[in-house]
Amino acid sequence: MKKNITLLAVLFSISLIAQQQIQQIDSIINSKVNENDPGLAVGIIKDGTIIYEKYLGLANLQHQVKFDEKTRSNIASTAKQFTALMILDLQLKNKLNLEDDIRKYLPQLYENVSDEIKIKHLLNHTSGIRDYVELLDLEGDVWWKRFGFGNDDILELLENQVDLGFKPGSKYSYSNSNYNVLTKVIEKITGETFNNYSKTFFESLGMNETSFVERYMKVIPNRANPYSDWGRGEWWEVPTVTKTNGEGFLYTTLKDQLKYEIAVQNAKRDKNLLLIESQKPIPNSKIKTYGFGLELEDRFGRTAVHHSGGTYGFHSQTYRFPEDNLTIFAMSNNGNISTNLIAQSIAKLLLPKSTQKPKYDSKFYEVKNLKDKVTILGKYIYPNKDKIVEIIDEEGKIFWKERSFTVGIVSEDKNVFSFTNDPKLKVVFDENQMTEYYTSGKTMIYKRIKESSRSLNDLEALVGTYNNEELSINFELKLTRDNTLQFKLSTNKEFNDVRVYNQAYLQVNNFFLKVKEDQFNRVTDIILTYGRAKNIRFNKKTNLKFQPKIEIEDGSISVTTIGSRNGDTSDILLTKNYPNGNEIWSKRLGGSSWDKASSIIATEDGYLIIGSTSSYGNGNYDMYVIKTDKKGNQIWQNTYGDFYNEYGYSAEMTDTGYLIKGTVQNCTSNSDIFNRKCTTSVWFVSIDDKGKELSNEILESME
């Protein structure tokens, strides 16, 4: 009898605690949505059973339609798991292999890319395929305004892409395009449209009220409309005029989602191999934090499988905690709230306090014990080399700053800091890098970049127009009167100031620019990254030149090539100019034939002019170097080359003298000029400070 009373007391206590938690969950949800606001639906599964299901607000404001169990809302990117599930199902049925190159099914994509682009790369966003959203934005044609825009349009856009954002499998970069392409792979294998195939697939899961958008004007029964106030204080409906799918745009009910979540929780019991494997990382991939359309990073100190989605005013969040047999799902058509934050608040309430200790990478404990204090402040580049982080000091406090985002970091040791918004996230500074250490064992290494301002000559070398034929757009870099570098995309109306970090990296608004130079130090390309569109190459089409002018304290020094009056010879003209460009003095250099100047550099005692000559030397043209004092008087000159044509383009100082950069020509015959074959190669010649050749090296061929 006493045992029965004790058991009843325990059950009553558990029930009371559960009831208190339900009331707390109600309080969280009720605080987010009023009765006449756009809606919210939340469901919770525990041990394979629905323990909470609630609907609030309206699916349609115009007609005051309640958001209820029949309402079908767009769960956006949370839908990716279902596209991935179809791919995994096809593999388990031996219809495809995750190791297959997508060109096996879609040969028209990336014909010039030699690396394999495997299906598994698309599944976990390691393919290097750029996100169509950002590509269209660059073209000035934002996707959500394009009536009837669908997966065929995305494929056409990607067919025009010559290269990838990075080598497939080498890094992670979330891209919606991956999942649009996967729908086309599914269509190719099954011979059905993705909409028809997916409809049958959802029915097999018992999700009869779930389907991807098919046509933007097609009626979806009980469909919610998306809303936001966009800071205006009144509700606005967001128009939905596109029909892309696979990456999102899945309309579903909370009932259907809870059916699926129960199946996932019971997968091991039911021996459902498809659902079991779908919760794991992609096999044979170094990326373990994203799997089959699902994020796999720990949350709240425990193993978690999760994903969020958001588009227009629609959004959703799934959190699965397999060790606790707990799943939280939320979806909404209210753009003013966050289903992610709501689900997080519920998870923190329901999950037992974690006893799991942080699983920092072992290197954390090694570097943590370093005795020497290192330099902390400075600029660091992201592991993907697409953003800059600045570590700054403001009134004695240290901050992590990247563009518009700033967060404090607090010292725990000489070189160990933690973030004020997440104390368990650590950052350790070393001599030339800083490393973030996550509790899951994940690390991110940021290399310190050398900070150096570009000279006026360097800035002038950047000026010009840069084209990208894949997107049929260009951008322009120009200098203002006060020598501020400015940027304008051809699809924009205004120029914006450029942040110059150093010789290699520039930033303007949300564009990160990497400067590329050829073997002769000329700016030839700029690699642009815009969000999820990584490493887009823009070729310089104007102002492609060497360095014919250098700035000095009281003006400038420049070299140019001038022809004779009768046009049968040319000389090199060296001039010193006032800051306003007026000439102070000039010197004419060269011989009796053709002499040409390419660039000039300053030395401690004068100037070094680099060019080519047919007045002196061994062949038709030889590399030509002239050394002058600071008044332009020639100290020495020398030529370098053999029988054919050698040209000098640029130079840099070395410990032993100078390195002259140019080209060298070699031909199969000295006499048969009509049938001989000639090649031109990059040629570096090392000389001492008197012009004597020390060595030379032929590099890659240019033809």
# chains A, B, ... in the order shown; residues from 1 in each chain; ligands from 1

call {"tool": "residues_around", "arguments": {"residues": "range 110-127 of chain A", "least_positions_apart": "2", "cutoff": "6 Å", "atoms": "only C-alpha atoms", "output": "PyMOL selection string"}}
result
chain A and resi 98-102+129+162+168-169+171-174+178+290-292

call {"tool": "residues_around", "arguments": {"residues": "Ala651 in chain A", "least_positions_apart": "4", "cutoff": "9 Å", "atoms": "only C-alpha atoms", "output": "list in words"}}
result
Phe520, Asn521, Ser599, Ile600, Ile601, Leu608, Ile609, Ile610, Tyr658, Leu659, Ile660, Lys661 and Gly662 of chain A

call {"tool": "write_last_selection", "arguments": {"atoms": "C-alpha atoms", "output": "PDB file, in the first residue's frame"}}
result
ATOM      1  CA  PHE A 520      54.723  42.021 -64.013  1.00  0.00           C
ATOM      2  CA  ASN A 521      52.743  43.425 -61.054  1.00  0.00           C
ATOM      3  CA  SER A 599      57.979  51.367 -65.842  1.00  0.00           C
ATOM      4  CA  ILE A 600      60.141  53.117 -63.270  1.00  0.00           C
ATOM      5  CA  ILE A 601      60.984  52.483 -59.614  1.00  0.00           C
ATOM      6  CA  LEU A 608      65.623  52.569 -62.316  1.00  0.00           C
ATOM      7  CA  ILE A 609      63.913  52.604 -65.744  1.00  0.00           C
ATOM      8  CA  ILE A 610      62.749  49.329 -67.277  1.00  0.00           C
ATOM      9  CA  TYR A 658      67.112  44.160 -58.648  1.00  0.00           C
ATOM     10  CA  LEU A 659      64.795  41.579 -60.177  1.00  0.00           C
ATOM     11  CA  ILE A 660      63.756  42.588 -63.695  1.00  0.00           C
ATOM     12  CA  LYS A 661      60.519  41.052 -64.982  1.00  0.00           C
ATOM     13  CA  GLY A 662      59.792  40.665 -68.667  1.00  0.00           C
TER      14      GLY A 662
END

call {"tool": "closest_residue", "arguments": {"among": "A:Glu436, A:Glu551, A:Asn618, A:Val508", "to": "Asn457 in chain A", "atoms": "only C-alpha atoms"}}
result
A:Glu551

call {"tool": "closest_atom_pairs", "arguments": {"of": "range 209-320 of chain A", "to": "range 196-205 of chain A", "cutoff": "8 Å", "atoms": "only C-alpha atoms", "output": "JSON lines"}}
result
{"residue": "A:Thr210", "atom": "CA", "partner": "A:Phe202", "partner_atom": "CA", "distance": 6.7}
{"residue": "A:Ser211", "atom": "CA", "partner": "A:Lys199", "partner_atom": "CA", "distance": 6.0}
{"residue": "A:Phe212", "atom": "CA", "partner": "A:Ser198", "partner_atom": "CA", "distance": 7.7}
{"residue": "A:Tyr260", "atom": "CA", "partner": "A:Leu205", "partner_atom": "CA", "distance": 7.1}

call {"tool": "write_last_selection", "arguments": {"atoms": "C-alpha atoms", "output": "mmCIF file, in the first residue's frame"}}
result
data_model
loop_
_atom_site.group_PDB
_atom_site.id
_atom_site.type_symbol
_atom_site.label_atom_id
_atom_site.label_comp_id
_atom_site.auth_asym_id
_atom_site.auth_seq_id
_atom_site.Cartn_x
_atom_site.Cartn_y
_atom_site.Cartn_z
ATOM 1 C CA THR A 210 2.530 18.694 -48.097
ATOM 2 C CA SER A 211 3.764 19.782 -51.532
ATOM 3 C CA PHE A 212 6.320 21.992 -53.207
ATOM 4 C CA TYR A 260 7.301 13.026 -39.962
#

call {"tool": "closest_residue", "arguments": {"among": "A:Asp153, A:Lys255, A:Trp235, A:Lys426", "to": "Tyr52 in chain A", "atoms": "only C-alpha atoms"}}
result
A:Lys255

call {"tool": "select_by_dssp", "arguments": {"residues": "range 44-272 of chain A", "states": "strand (DSSP E)", "output": "number ranges by chain"}}
result
A: 44-46, 49-56, 58-60, 65-66, 73-74, 211-212, 227-228, 236-237, 250-252

call {"tool": "atom_distance", "arguments": {"atom1": "CA of Ser614 in chain A", "atom2": "CA of Thr680 in chain A"}}
result
17.7 Å

call {"tool": "residues_around", "arguments": {"residues": "range 382-392 of chain A", "least_positions_apart": "6", "cutoff": "6 Å", "atoms": "only C-alpha atoms", "output": "PyMOL selection string"}}
result
chain A and resi 398-402+445-446

call {"tool": "write_last_selection", "arguments": {"atoms": "N, CA and C atoms", "output": "short mmCIF file (atom, residue, chain, number, x, y, z; two decimals), in the first residue's frame"}}
result
data_model
loop_
_atom_site.label_atom_id
_atom_site.label_comp_id
_atom_site.auth_asym_id
_atom_site.auth_seq_id
_atom_site.Cartn_x
_atom_site.Cartn_y
_atom_site.Cartn_z
N ILE A 398 38.20 45.32 -25.64
CA ILE A 398 38.55 44.68 -26.90
C ILE A 398 37.28 44.20 -27.59
N PHE A 399 37.21 44.47 -28.90
CA PHE A 399 36.03 44.09 -29.68
C PHE A 399 36.43 43.34 -30.94
N TRP A 400 35.56 42.43 -31.32
CA TRP A 400 35.62 41.70 -32.60
C TRP A 400 34.66 42.43 -33.53
N LYS A 401 35.18 42.93 -34.68
CA LYS A 401 34.36 43.74 -35.58
C LYS A 401 34.48 43.24 -37.01
N GLU A 402 33.32 43.04 -37.63
CA GLU A 402 33.31 42.71 -39.06
C GLU A 402 32.13 43.42 -39.70
N ILE A 445 40.33 29.05 -38.24
CA ILE A 445 41.60 29.76 -38.17
C ILE A 445 41.56 30.99 -39.07
N TYR A 446 41.89 32.14 -38.51
CA TYR A 446 41.92 33.41 -39.22
C TYR A 446 43.37 33.89 -39.28
#

call {"tool": "closest_residue", "arguments": {"among": "A:Leu694, A:Ile25, A:Leu40, A:Ile687", "to": "Leu349 in chain A", "atoms": "only C-alpha atoms"}}
result
A:Ile25

call {"tool": "residues_around", "arguments": {"residues": "Val181 in chain A", "least_positions_apart": "2", "cutoff": "10 Å", "atoms": "only C-alpha atoms", "output": "list in words"}}
result
Ile102, Leu106, Leu109, Ile119, Leu122, Ile129, Asn151, Asp152, Ile154, Leu155, Leu158, Asn176, Ser177, Asn178, Tyr179, Thr183, Lys184, Val185, Ile186, Glu187, Gly246 and Glu247 of chain A
